[in-house]
>>> print(open('structure12.cif').read())   # mmCIF, C-alpha atoms
data_input
loop_
_atom_site.group_PDB
_atom_site.id
_atom_site.type_symbol
_atom_site.label_atom_id
_atom_site.label_comp_id
_atom_site.auth_asym_id
_atom_site.auth_seq_id
_atom_site.Cartn_x
_atom_site.Cartn_y
_atom_site.Cartn_z
ATOM 1 C CA MET A 1 3.290 10.402 -11.928
ATOM 2 C CA SER A 2 2.733 8.983 -8.460
ATOM 3 C CA ILE A 3 2.590 5.281 -7.671
ATOM 4 C CA ARG A 4 -0.802 4.668 -6.107
ATOM 5 C CA ILE A 5 -1.288 1.655 -3.819
ATOM 6 C CA GLY A 6 -4.810 0.546 -2.907
ATOM 7 C CA VAL A 7 -5.191 -0.593 0.687
ATOM 8 C CA SER A 8 -8.198 -0.931 3.028
ATOM 9 C CA GLU A 9 -10.206 1.337 5.275
ATOM 10 C CA ARG A 10 -8.071 3.415 7.648
ATOM 11 C CA ASN A 11 -6.375 1.301 10.345
ATOM 12 C CA GLY A 12 -7.347 -1.965 8.650
ATOM 13 C CA THR A 13 -4.851 -4.722 7.869
ATOM 14 C CA PHE A 14 -4.042 -3.527 4.335
ATOM 15 C CA PHE A 15 -3.898 0.125 5.399
ATOM 16 C CA ASN A 16 -1.280 -0.607 8.060
ATOM 17 C CA GLN A 17 0.721 -2.744 5.656
ATOM 18 C CA GLY A 18 0.540 -0.084 2.963
ATOM 19 C CA MET A 19 1.840 2.610 5.291
ATOM 20 C CA ALA A 20 4.807 0.446 6.344
ATOM 21 C CA LEU A 21 5.526 -0.498 2.733
ATOM 22 C CA LYS A 22 5.484 3.192 1.794
ATOM 23 C CA LYS A 23 8.363 3.866 4.205
ATOM 24 C CA ILE A 24 10.513 1.406 2.248
ATOM 25 C CA LEU A 25 9.415 2.486 -1.213
ATOM 26 C CA ASP A 26 9.832 6.212 -0.506
ATOM 27 C CA ARG A 27 13.597 5.590 -0.583
ATOM 28 C CA VAL A 28 13.468 4.544 -4.249
ATOM 29 C CA PRO A 29 13.670 7.694 -6.404
ATOM 30 C CA GLU A 30 12.187 5.904 -9.429
ATOM 31 C CA LEU A 31 9.013 5.118 -7.466
ATOM 32 C CA ARG A 32 8.367 8.435 -5.720
ATOM 33 C CA PRO A 33 5.906 9.795 -4.868
ATOM 34 C CA ILE A 34 4.019 6.902 -3.280
ATOM 35 C CA GLU A 35 0.323 7.552 -2.633
ATOM 36 C CA ILE A 36 -1.787 5.342 -0.343
ATOM 37 C CA VAL A 37 -5.386 5.014 -1.565
ATOM 38 C CA GLU A 38 -7.850 4.043 1.146
ATOM 39 C CA SER A 39 -10.737 1.723 0.357
ATOM 40 C CA ALA A 40 -14.204 3.180 0.739
ATOM 41 C CA VAL A 41 -16.310 0.075 0.266
ATOM 42 C CA GLY A 42 -14.347 -3.138 0.558
ATOM 43 C CA ALA A 43 -10.560 -3.563 0.227
ATOM 44 C CA SER A 44 -9.769 -6.586 -1.994
ATOM 45 C CA ILE A 45 -12.743 -6.352 -4.342
ATOM 46 C CA GLU A 46 -12.558 -2.577 -4.614
ATOM 47 C CA ASN A 47 -8.801 -2.716 -5.237
ATOM 48 C CA VAL A 48 -9.345 -5.125 -8.125
ATOM 49 C CA GLU A 49 -11.853 -2.722 -9.659
ATOM 50 C CA LEU A 50 -9.519 0.246 -9.131
ATOM 51 C CA LEU A 51 -6.682 -1.660 -10.822
ATOM 52 C CA ASP A 52 -8.918 -2.532 -13.749
ATOM 53 C CA ALA A 53 -9.929 1.114 -14.140
ATOM 54 C CA GLY A 54 -6.311 2.302 -13.965
ATOM 55 C CA ASN A 55 -6.976 4.317 -10.811
ATOM 56 C CA ILE A 56 -4.181 2.612 -8.855
ATOM 57 C CA GLU A 57 -0.946 0.910 -9.920
ATOM 58 C CA PHE A 58 -0.774 -1.690 -7.130
ATOM 59 C CA GLY A 59 -3.277 -3.074 -4.671
ATOM 60 C CA PHE A 60 -3.517 -5.405 -1.709
ATOM 61 C CA VAL A 61 -5.822 -8.291 -2.636
ATOM 62 C CA SER A 62 -6.540 -11.581 -0.902
ATOM 63 C CA MET A 63 -5.695 -14.658 -2.967
ATOM 64 C CA PRO A 64 -9.307 -15.866 -3.506
ATOM 65 C CA TRP A 65 -10.250 -12.555 -5.132
ATOM 66 C CA VAL A 66 -7.218 -12.568 -7.425
ATOM 67 C CA ALA A 67 -8.377 -15.955 -8.701
ATOM 68 C CA ALA A 68 -12.030 -14.872 -8.906
ATOM 69 C CA ALA A 69 -11.157 -11.751 -10.903
ATOM 70 C CA THR A 70 -8.927 -13.691 -13.293
ATOM 71 C CA ARG A 71 -11.595 -16.340 -13.892
ATOM 72 C CA ALA A 72 -14.567 -13.932 -14.027
ATOM 73 C CA ASN A 73 -16.152 -15.590 -11.012
ATOM 74 C CA PRO A 74 -18.609 -13.641 -8.810
ATOM 75 C CA PRO A 75 -18.587 -10.850 -7.866
ATOM 76 C CA PHE A 76 -16.670 -10.069 -11.085
ATOM 77 C CA ALA A 77 -18.736 -10.072 -14.280
ATOM 78 C CA ARG A 78 -15.723 -10.480 -16.592
ATOM 79 C CA SER A 79 -12.088 -11.516 -16.475
ATOM 80 C CA ILE A 80 -9.694 -8.856 -15.175
ATOM 81 C CA ASP A 81 -6.100 -9.075 -16.332
ATOM 82 C CA LEU A 82 -4.286 -8.962 -12.973
ATOM 83 C CA ARG A 83 -0.642 -9.865 -12.356
ATOM 84 C CA THR A 84 0.817 -10.881 -9.008
ATOM 85 C CA VAL A 85 3.835 -9.084 -7.571
ATOM 86 C CA LEU A 86 4.606 -10.116 -3.972
ATOM 87 C CA PRO A 87 3.188 -12.083 -1.060
ATOM 88 C CA MET A 88 2.355 -9.732 1.808
ATOM 89 C CA ASN A 89 1.256 -12.020 4.634
ATOM 90 C CA VAL A 90 -0.709 -15.089 5.653
ATOM 91 C CA GLY A 91 -2.944 -14.032 8.500
ATOM 92 C CA PRO A 92 -6.051 -15.279 10.266
ATOM 93 C CA ASN A 93 -9.527 -13.947 9.638
ATOM 94 C CA PHE A 94 -11.314 -14.869 12.858
ATOM 95 C CA PHE A 95 -14.477 -14.596 14.921
ATOM 96 C CA VAL A 96 -14.269 -12.648 18.174
ATOM 97 C CA ALA A 97 -16.847 -12.393 20.952
ATOM 98 C CA ARG A 98 -17.006 -10.724 24.332
ATOM 99 C CA ALA A 99 -15.331 -12.835 27.002
ATOM 100 C CA ASP A 100 -18.477 -12.672 29.165
ATOM 101 C CA SER A 101 -20.529 -14.383 26.431
ATOM 102 C CA GLU A 102 -21.357 -18.072 26.103
ATOM 103 C CA LEU A 103 -19.478 -18.301 22.802
ATOM 104 C CA HIS A 104 -16.259 -20.328 22.842
ATOM 105 C CA CYS A 105 -16.145 -22.260 19.534
ATOM 106 C CA VAL A 106 -17.256 -21.356 16.010
ATOM 107 C CA SER A 107 -20.070 -23.907 16.305
ATOM 108 C CA ASP A 108 -21.549 -21.699 19.045
ATOM 109 C CA LEU A 109 -22.394 -19.093 16.390
ATOM 110 C CA ARG A 110 -25.570 -20.946 15.412
ATOM 111 C CA GLY A 111 -28.547 -18.745 16.176
ATOM 112 C CA ARG A 112 -26.366 -15.695 16.827
ATOM 113 C CA ARG A 113 -26.050 -12.202 15.371
ATOM 114 C CA VAL A 114 -22.639 -11.702 13.700
ATOM 115 C CA ALA A 115 -21.044 -8.586 12.159
ATOM 116 C CA VAL A 116 -19.466 -9.901 8.949
ATOM 117 C CA GLY A 117 -18.231 -6.782 7.118
ATOM 118 C CA LEU A 118 -19.522 -4.662 4.258
ATOM 119 C CA THR A 119 -21.587 -6.275 1.511
ATOM 120 C CA THR A 120 -19.174 -4.816 -1.048
ATOM 121 C CA GLY A 121 -16.084 -6.355 0.572
ATOM 122 C CA GLY A 122 -14.389 -9.726 0.474
ATOM 123 C CA MET A 123 -14.827 -10.479 4.189
ATOM 124 C CA VAL A 124 -18.545 -11.151 3.750
ATOM 125 C CA HIS A 125 -17.901 -13.763 1.070
ATOM 126 C CA HIS A 126 -15.175 -15.365 3.151
ATOM 127 C CA ALA A 127 -17.419 -15.508 6.233
ATOM 128 C CA GLN A 128 -20.141 -17.133 4.138
ATOM 129 C CA ALA A 129 -17.661 -19.732 2.868
ATOM 130 C CA VAL A 130 -16.725 -20.559 6.463
ATOM 131 C CA PHE A 131 -20.382 -20.809 7.515
ATOM 132 C CA SER A 132 -21.130 -23.147 4.608
ATOM 133 C CA ALA A 133 -18.073 -25.299 5.336
ATOM 134 C CA LEU A 134 -19.232 -25.690 8.943
ATOM 135 C CA GLY A 135 -22.727 -26.725 7.877
ATOM 136 C CA PHE A 136 -24.642 -23.572 8.806
ATOM 137 C CA ALA A 137 -27.779 -22.897 6.801
ATOM 138 C CA PRO A 138 -28.493 -19.261 5.801
ATOM 139 C CA ARG A 139 -31.152 -18.973 8.512
ATOM 140 C CA ASP A 140 -28.789 -20.273 11.218
ATOM 141 C CA ILE A 141 -26.895 -16.960 11.574
ATOM 142 C CA GLU A 142 -28.141 -13.397 11.414
ATOM 143 C CA ARG A 143 -25.592 -11.424 9.433
ATOM 144 C CA VAL A 144 -24.965 -7.750 10.164
ATOM 145 C CA TYR A 145 -23.264 -5.845 7.346
ATOM 146 C CA THR A 146 -20.995 -3.103 8.638
ATOM 147 C CA ASN A 147 -17.374 -1.973 8.600
ATOM 148 C CA PHE A 148 -14.789 -3.105 11.137
ATOM 149 C CA ALA A 149 -14.963 -0.034 13.375
ATOM 150 C CA ASP A 150 -18.759 -0.009 13.587
ATOM 151 C CA GLY A 151 -18.833 -3.777 14.064
ATOM 152 C CA ALA A 152 -16.502 -3.425 17.031
ATOM 153 C CA GLU A 153 -18.745 -0.738 18.533
ATOM 154 C CA MET A 154 -21.747 -3.023 18.126
ATOM 155 C CA LEU A 155 -19.907 -5.840 19.886
ATOM 156 C CA VAL A 156 -19.032 -3.561 22.806
ATOM 157 C CA ALA A 157 -22.675 -2.431 23.038
ATOM 158 C CA GLY A 158 -24.033 -5.981 22.856
ATOM 159 C CA GLN A 159 -25.805 -5.309 19.560
ATOM 160 C CA VAL A 160 -24.046 -8.283 17.944
ATOM 161 C CA ASP A 161 -22.859 -11.516 19.540
ATOM 162 C CA ALA A 162 -19.640 -11.794 17.514
ATOM 163 C CA GLN A 163 -17.618 -10.013 14.855
ATOM 164 C CA TYR A 164 -15.626 -11.374 11.923
ATOM 165 C CA GLN A 165 -12.245 -9.659 12.094
ATOM 166 C CA CYS A 166 -9.274 -9.274 9.746
ATOM 167 C CA PRO A 167 -5.689 -10.369 10.505
ATOM 168 C CA PRO A 168 -4.127 -8.829 13.616
ATOM 169 C CA PRO A 169 -2.546 -6.706 14.709
ATOM 170 C CA ASN A 170 -4.961 -4.055 13.496
ATOM 171 C CA LYS A 171 -5.920 -0.913 15.373
ATOM 172 C CA VAL A 172 -9.647 -1.627 15.514
ATOM 173 C CA MET A 173 -9.090 -5.042 17.086
ATOM 174 C CA THR A 174 -6.429 -3.821 19.488
ATOM 175 C CA GLU A 175 -8.627 -0.966 20.695
ATOM 176 C CA LEU A 176 -11.603 -3.313 21.012
ATOM 177 C CA SER A 177 -9.632 -5.725 23.202
ATOM 178 C CA ASP A 178 -8.425 -2.829 25.351
ATOM 179 C CA ARG A 179 -11.999 -1.654 25.956
ATOM 180 C CA VAL A 180 -13.696 -4.951 26.826
ATOM 181 C CA PRO A 181 -12.439 -8.486 27.555
ATOM 182 C CA VAL A 182 -12.731 -10.551 24.364
ATOM 183 C CA ARG A 183 -12.402 -14.162 23.289
ATOM 184 C CA VAL A 184 -11.336 -15.504 19.883
ATOM 185 C CA LEU A 185 -13.564 -18.420 18.902
ATOM 186 C CA SER A 186 -11.722 -21.682 18.326
ATOM 187 C CA TYR A 187 -12.156 -24.439 15.741
ATOM 188 C CA ALA A 188 -12.338 -28.118 16.582
ATOM 189 C CA PRO A 189 -9.725 -29.986 14.478
ATOM 190 C CA GLU A 190 -12.403 -31.555 12.273
ATOM 191 C CA GLN A 191 -14.021 -28.141 11.718
ATOM 192 C CA LEU A 192 -10.724 -26.623 10.650
ATOM 193 C CA GLN A 193 -10.073 -29.472 8.222
ATOM 194 C CA ALA A 194 -13.581 -29.203 6.779
ATOM 195 C CA ALA A 195 -13.112 -25.480 6.192
ATOM 196 C CA LEU A 196 -9.695 -25.999 4.582
ATOM 197 C CA ARG A 197 -11.171 -28.573 2.201
ATOM 198 C CA ALA A 198 -14.012 -26.233 1.259
ATOM 199 C CA ILE A 199 -11.954 -23.018 0.930
ATOM 200 C CA PRO A 200 -9.015 -23.949 -1.320
ATOM 201 C CA TYR A 201 -7.032 -20.726 -0.960
ATOM 202 C CA ASP A 202 -6.982 -20.705 2.850
ATOM 203 C CA ARG A 203 -4.196 -22.185 4.937
ATOM 204 C CA ALA A 204 -3.929 -23.362 8.519
ATOM 205 C CA VAL A 205 -2.175 -20.733 10.640
ATOM 206 C CA ILE A 206 -1.515 -20.105 14.307
ATOM 207 C CA MET A 207 -2.772 -16.958 15.996
ATOM 208 C CA ARG A 208 0.050 -16.253 18.385
ATOM 209 C CA LYS A 209 -0.489 -15.903 22.117
ATOM 210 C CA GLY A 210 -0.490 -12.259 23.180
ATOM 211 C CA ILE A 211 -1.208 -10.810 19.722
ATOM 212 C CA PHE A 212 -3.850 -8.730 21.535
ATOM 213 C CA ARG A 213 -5.408 -8.778 24.989
ATOM 214 C CA GLY A 214 -7.514 -11.893 25.458
ATOM 215 C CA VAL A 215 -5.427 -14.271 23.342
ATOM 216 C CA ASP A 216 -3.820 -16.261 26.156
ATOM 217 C CA ARG A 217 -2.718 -19.259 24.093
ATOM 218 C CA ASP A 218 -1.749 -20.114 20.523
ATOM 219 C CA LEU A 219 -4.911 -20.758 18.497
ATOM 220 C CA PRO A 220 -5.180 -22.691 15.201
ATOM 221 C CA GLN A 221 -7.198 -20.567 12.771
ATOM 222 C CA LEU A 222 -7.999 -20.223 9.076
ATOM 223 C CA GLY A 223 -5.407 -18.057 7.333
ATOM 224 C CA VAL A 224 -5.895 -16.012 4.198
ATOM 225 C CA VAL A 225 -2.985 -15.281 1.828
ATOM 226 C CA ASN A 226 -2.778 -11.592 0.986
ATOM 227 C CA LEU A 227 -0.884 -10.496 -2.119
ATOM 228 C CA LEU A 228 0.311 -7.295 -3.717
ATOM 229 C CA VAL A 229 -0.974 -7.279 -7.281
ATOM 230 C CA THR A 230 -0.953 -5.006 -10.303
ATOM 231 C CA HIS A 231 -2.488 -4.993 -13.767
ATOM 232 C CA ALA A 232 -0.860 -6.212 -16.960
ATOM 233 C CA ARG A 233 -0.522 -2.679 -18.360
ATOM 234 C CA ILE A 234 2.026 -1.352 -15.855
ATOM 235 C CA GLY A 235 5.636 -1.185 -17.024
ATOM 236 C CA GLN A 236 8.180 -3.831 -16.089
ATOM 237 C CA ALA A 237 10.723 -1.375 -14.670
ATOM 238 C CA VAL A 238 8.314 -0.028 -12.044
ATOM 239 C CA VAL A 239 7.381 -3.520 -10.853
ATOM 240 C CA ARG A 240 10.995 -4.637 -10.841
ATOM 241 C CA ASP A 241 12.060 -1.646 -8.710
ATOM 242 C CA LEU A 242 9.283 -2.248 -6.209
ATOM 243 C CA VAL A 243 10.040 -5.959 -5.840
ATOM 244 C CA ALA A 244 13.775 -5.256 -5.508
ATOM 245 C CA ALA A 245 13.094 -2.804 -2.662
ATOM 246 C CA VAL A 246 11.010 -5.367 -0.749
ATOM 247 C CA LEU A 247 13.522 -8.188 -1.259
ATOM 248 C CA ASP A 248 16.326 -5.935 -0.046
ATOM 249 C CA HIS A 249 14.408 -4.746 3.025
ATOM 250 C CA ALA A 250 12.271 -7.750 4.029
ATOM 251 C CA ASP A 251 13.767 -7.898 7.521
ATOM 252 C CA GLU A 252 13.163 -4.178 8.016
ATOM 253 C CA LEU A 253 9.519 -4.567 6.966
ATOM 254 C CA LYS A 254 9.210 -7.238 9.638
ATOM 255 C CA SER A 255 10.499 -4.818 12.266
ATOM 256 C CA LEU A 256 8.289 -1.964 11.049
ATOM 257 C CA LEU A 257 5.017 -3.874 11.391
ATOM 258 C CA PRO A 258 4.135 -7.227 12.991
ATOM 259 C CA LEU A 259 1.789 -7.920 10.070
ATOM 260 C CA PHE A 260 4.954 -8.372 7.990
ATOM 261 C CA HIS A 261 6.395 -10.834 10.502
ATOM 262 C CA ASP A 262 6.208 -13.724 8.033
ATOM 263 C CA VAL A 263 7.556 -11.930 4.927
ATOM 264 C CA PRO A 264 11.098 -13.403 5.181
ATOM 265 C CA GLN A 265 9.583 -16.866 5.670
ATOM 266 C CA LEU A 266 7.160 -16.349 2.757
ATOM 267 C CA LEU A 267 10.058 -15.345 0.518
ATOM 268 C CA ALA A 268 12.017 -18.433 1.594
ATOM 269 C CA THR A 269 8.977 -20.580 0.778
ATOM 270 C CA MET A 270 8.688 -18.824 -2.584
ATOM 271 C CA ARG A 271 12.293 -19.699 -3.387
ATOM 272 C CA ARG A 272 11.777 -23.321 -2.395
ATOM 273 C CA GLU A 273 8.467 -23.687 -4.239
ATOM 274 C CA ARG A 274 9.542 -21.652 -7.298
ATOM 275 C CA CYS A 275 6.987 -18.871 -6.710
ATOM 276 C CA ALA A 276 3.969 -21.184 -6.548
ATOM 277 C CA ILE A 277 2.272 -18.775 -4.124
ATOM 278 C CA LEU A 278 2.181 -16.193 -6.944
ATOM 279 C CA GLU A 279 1.262 -18.501 -9.844
ATOM 280 C CA PHE A 280 -1.873 -20.545 -9.197
ATOM 281 C CA ASP A 281 -4.827 -21.597 -11.319
ATOM 282 C CA ASP A 282 -4.821 -19.089 -14.213
ATOM 283 C CA VAL A 283 -3.008 -16.329 -12.284
ATOM 284 C CA LYS A 284 0.402 -15.182 -13.560
ATOM 285 C CA ILE A 285 3.312 -13.163 -12.138
ATOM 286 C CA HIS A 286 3.937 -9.749 -13.680
ATOM 287 C CA PRO A 287 6.878 -10.036 -16.150
ATOM 288 C CA GLY A 288 8.838 -7.337 -14.309
ATOM 289 C CA ALA A 289 8.596 -9.292 -11.071
ATOM 290 C CA ALA A 290 9.272 -12.605 -12.797
ATOM 291 C CA ALA A 291 12.485 -11.278 -14.363
ATOM 292 C CA LEU A 292 13.841 -10.203 -10.989
ATOM 293 C CA TYR A 293 12.763 -13.446 -9.305
ATOM 294 C CA ALA A 294 14.603 -15.390 -12.009
ATOM 295 C CA GLN A 295 17.722 -13.272 -11.500
ATOM 296 C CA LYS A 296 17.584 -13.836 -7.717
ATOM 297 C CA GLY A 297 17.111 -17.611 -8.003
ATOM 298 C CA TYR A 298 13.394 -17.836 -7.202
ATOM 299 C CA LEU A 299 12.491 -19.048 -10.692
#
>>> encode(input="structure12.cif", output="structure tokens")
Amino acid sequence: MSIRIGVSERNGTFFNQGMALKKILDRVPELRPIEIVESAVGASIENVELLDAGNIEFGFVSMPWVAAATRANPPFARSIDLRTVLPMNVGPNFFVARADSELHCVSDLRGRRVAVGLTTGGMVHHAQAVFSALGFAPRDIERVYTNFADGAEMLVAGQVDAQYQCPPPNKVMTELSDRVPVRVLSYAPEQLQAALRAIPYDRAVIMRKGIFRGVDRDLPQLGVVNLLVTHARIGQAVVRDLVAAVLDHADELKSLLPLFHDVPQLLATMRRERCAILEFDDVKIHPGAAALYAQKGYL
């Protein structure tokens, strides 16, 4: 039986992370073969549904949707018995505009047309949470529902004023910034604090200068915590082997993909905070992962 890992649309954040993770896991005979399952309609939310149906063994899911699925909060109609496995990254979701536009700050989005992602995906809900935290009424922003690649094309063509993008580096964003000069919209300090108060699972992060063309200084942004999760039914040995491979090769993951840049730091934080990033609200760590974390001094 193959180990299937749910990611995102091709060249999205989760897709790139899944491909790098596969290179590490392919070395573990007990886990082979590893199959990467692309998302057709919306990454985190779709991966939760695939896990629930038993169509994948692991999936990349942003922290808010792990909590929502566990608590049966919208868009989930019932509780789904997920278990956390590993932190994958803390990266910024951000608004990007053409550099020749009048948009500089997120408050400039009022009255604008913004590509926010697919209606079936988590990005739309996250964008709406940001809009609400900043005091935008529903009529203040025209939302355009489309995938990342099409949203980027619309931005190039001037059919939208801004796009909501997933954590860089991702191929769609890199190619967009290579085609036209772009600008990442900034937050005033009070706006960032208001959003952090309103969106409990987000964290303040820094988008690093030079991450793609057009980012000419470090920018404070809202960061989302992305996790690797599984369902309660999967065996402990499989989860233990996967976690062991990542712990043993965390530095190599960092070198394989910049999106994994913070994995060693996340693991150090996990050790210090006794795995709090994986156990929050009603969410629990998979027993196979918990056993290994206890053996390694994390719990």
>>> closest_residue(input="structure12.cif", among="A:Met88, A:Ala152, A:Ile3, A:Val130", to="Pro29 of chain A", atoms="only C-alpha atoms")
A:Ile3
>>> closest_residue(input="structure12.cif", among="A:Ile5, A:Ile24, A:Met63, A:Ala40", to="Leu256 of chain A", atoms="all atoms listed in the file")
A:Ile24
>>> closest_atom_pairs(input="structure12.cif", of="segment 181-259 of chain A", to="segment 269-289 of chain A", cutoff="9 Å", atoms="only C-alpha atoms", output="CSV")
residue,atom,partner,partner_atom,distance
A:Val225,CA,A:Ile277,CA,8.7
A:Leu227,CA,A:Leu278,CA,8.1
A:Val229,CA,A:His286,CA,8.4
A:Thr230,CA,A:His286,CA,7.6
A:His231,CA,A:His286,CA,8.0
A:Ala232,CA,A:His286,CA,6.8
A:Ile234,CA,A:His286,CA,8.9
A:Gly235,CA,A:Gly288,CA,7.4
A:Gln236,CA,A:Gly288,CA,4.0
A:Ala237,CA,A:Gly288,CA,6.3
A:Val238,CA,A:Gly288,CA,7.7
A:Val239,CA,A:Gly288,CA,5.4
A:Arg240,CA,A:Gly288,CA,4.9
A:Asp241,CA,A:Gly288,CA,8.6
A:Leu242,CA,A:Ala289,CA,8.6
A:Val243,CA,A:Ala289,CA,6.4
A:Ala244,CA,A:Ala289,CA,8.6
>>> write_last_selection(input="structure12.cif", atoms="C-alpha atoms", output="JSON list (two decimals), in the coordinates of the input")
[["chain", "number", "residue", "atom", "x", "y", "z"],
["A", 225, "VAL", "CA", -2.98, -15.28, 1.83],
["A", 227, "LEU", "CA", -0.88, -10.50, -2.12],
["A", 229, "VAL", "CA", -0.97, -7.28, -7.28],
["A", 230, "THR", "CA", -0.95, -5.01, -10.30],
["A", 231, "HIS", "CA", -2.49, -4.99, -13.77],
["A", 232, "ALA", "CA", -0.86, -6.21, -16.96],
["A", 234, "ILE", "CA", 2.03, -1.35, -15.86],
["A", 235, "GLY", "CA", 5.64, -1.18, -17.02],
["A", 236, "GLN", "CA", 8.18, -3.83, -16.09],
["A", 237, "ALA", "CA", 10.72, -1.38, -14.67],
["A", 238, "VAL", "CA", 8.31, -0.03, -12.04],
["A", 239, "VAL", "CA", 7.38, -3.52, -10.85],
["A", 240, "ARG", "CA", 11.00, -4.64, -10.84],
["A", 241, "ASP", "CA", 12.06, -1.65, -8.71],
["A", 242, "LEU", "CA", 9.28, -2.25, -6.21],
["A", 243, "VAL", "CA", 10.04, -5.96, -5.84],
["A", 244, "ALA", "CA", 13.78, -5.26, -5.51]]
>>> resolve_selection(input="structure12.cif", expression="the PyMOL selection byres ((chain A and resi 187) around 10)", output="MDAnalysis selection string")
chainID A and resid 104:107 134 184:186 188:193 195 219:222
>>> closest_atom_pairs(input="structure12.cif", of="segment 179-277 of chain A", to="segment 156-170 of chain A", cutoff="8 Å", atoms="all atoms listed in the file", output="tab-separated table")
residue	atom	partner	partner_atom	distance
A:Arg179	CA	A:Val156	CA	7.9
A:Val180	CA	A:Val156	CA	6.8
A:Ile211	CA	A:Pro169	CA	6.6
A:Phe212	CA	A:Pro169	CA	7.2
A:Pro258	CA	A:Pro169	CA	6.9
A:Leu259	CA	A:Pro169	CA	6.5
>>> resolve_selection(input="structure12.cif", expression="the PyMOL selection byres ((chain A and resi 202) around 6)", output="PyMOL selection string")
chain A and resi 199-201+203+223-224
>>> residues_near_point(input="structure12.cif", point="(-7.5, -12.1, 0.6)", cutoff="12 Å", atoms="all atoms listed in the file", output="PyMOL selection string")
chain A and resi 7-8+13-14+42-48+59-68+87-93+121-127+166-167+199+201-203+222-229
>>> residues_around(input="structure12.cif", residues="Ala99 of chain A", least_positions_apart="4", cutoff="6 Å", atoms="all atoms listed in the file", output="PyMOL selection string")
chain A and resi 181-183
>>> closest_residue(input="structure12.cif", among="A:Leu247, A:Pro74, A:Gly18, A:Met154", to="Lys296 of chain A", atoms="all atoms listed in the file")
A:Leu247
>>> atom_distance(input="structure12.cif", atom1="atom CA of Leu109 of chain A", atom2="atom CA of Tyr145 of chain A")
16.1 Å
>>> closest_residue(input="structure12.cif", among="A:Phe260, A:Ala133, A:Tyr293, A:Ile80", to="Met19 of chain A", atoms="only C-alpha atoms")
A:Phe260
>>> atom_distance(input="structure12.cif", atom1="atom CA of Ala115 of chain A", atom2="atom CA of Leu103 of chain A")
14.5 Å
>>> residues_around(input="structure12.cif", residues="Ser2 of chain A", least_positions_apart="4", cutoff="7 Å", atoms="only C-alpha atoms", output="mmCIF file with C-alpha atoms, in the frame of the given file")
data_model
loop_
_atom_site.group_PDB
_atom_site.id
_atom_site.type_symbol
_atom_site.label_atom_id
_atom_site.label_comp_id
_atom_site.auth_asym_id
_atom_site.auth_seq_id
_atom_site.Cartn_x
_atom_site.Cartn_y
_atom_site.Cartn_z
ATOM 1 C CA ARG A 32 8.367 8.435 -5.720
ATOM 2 C CA PRO A 33 5.906 9.795 -4.868
ATOM 3 C CA ILE A 34 4.019 6.902 -3.280
ATOM 4 C CA GLU A 35 0.323 7.552 -2.633
#
>>> closest_residue(input="structure12.cif", among="A:Phe148, A:Val41, A:Leu155, A:Asp262", to="Ser101 of chain A", atoms="all atoms listed in the file")
A:Leu155
>>> residues_around(input="structure12.cif", residues="Lys171 of chain A", least_positions_apart="5", cutoff="10 Å", atoms="only C-alpha atoms", output="PyMOL selection string")
chain A and resi 10-13+16+149+176-177
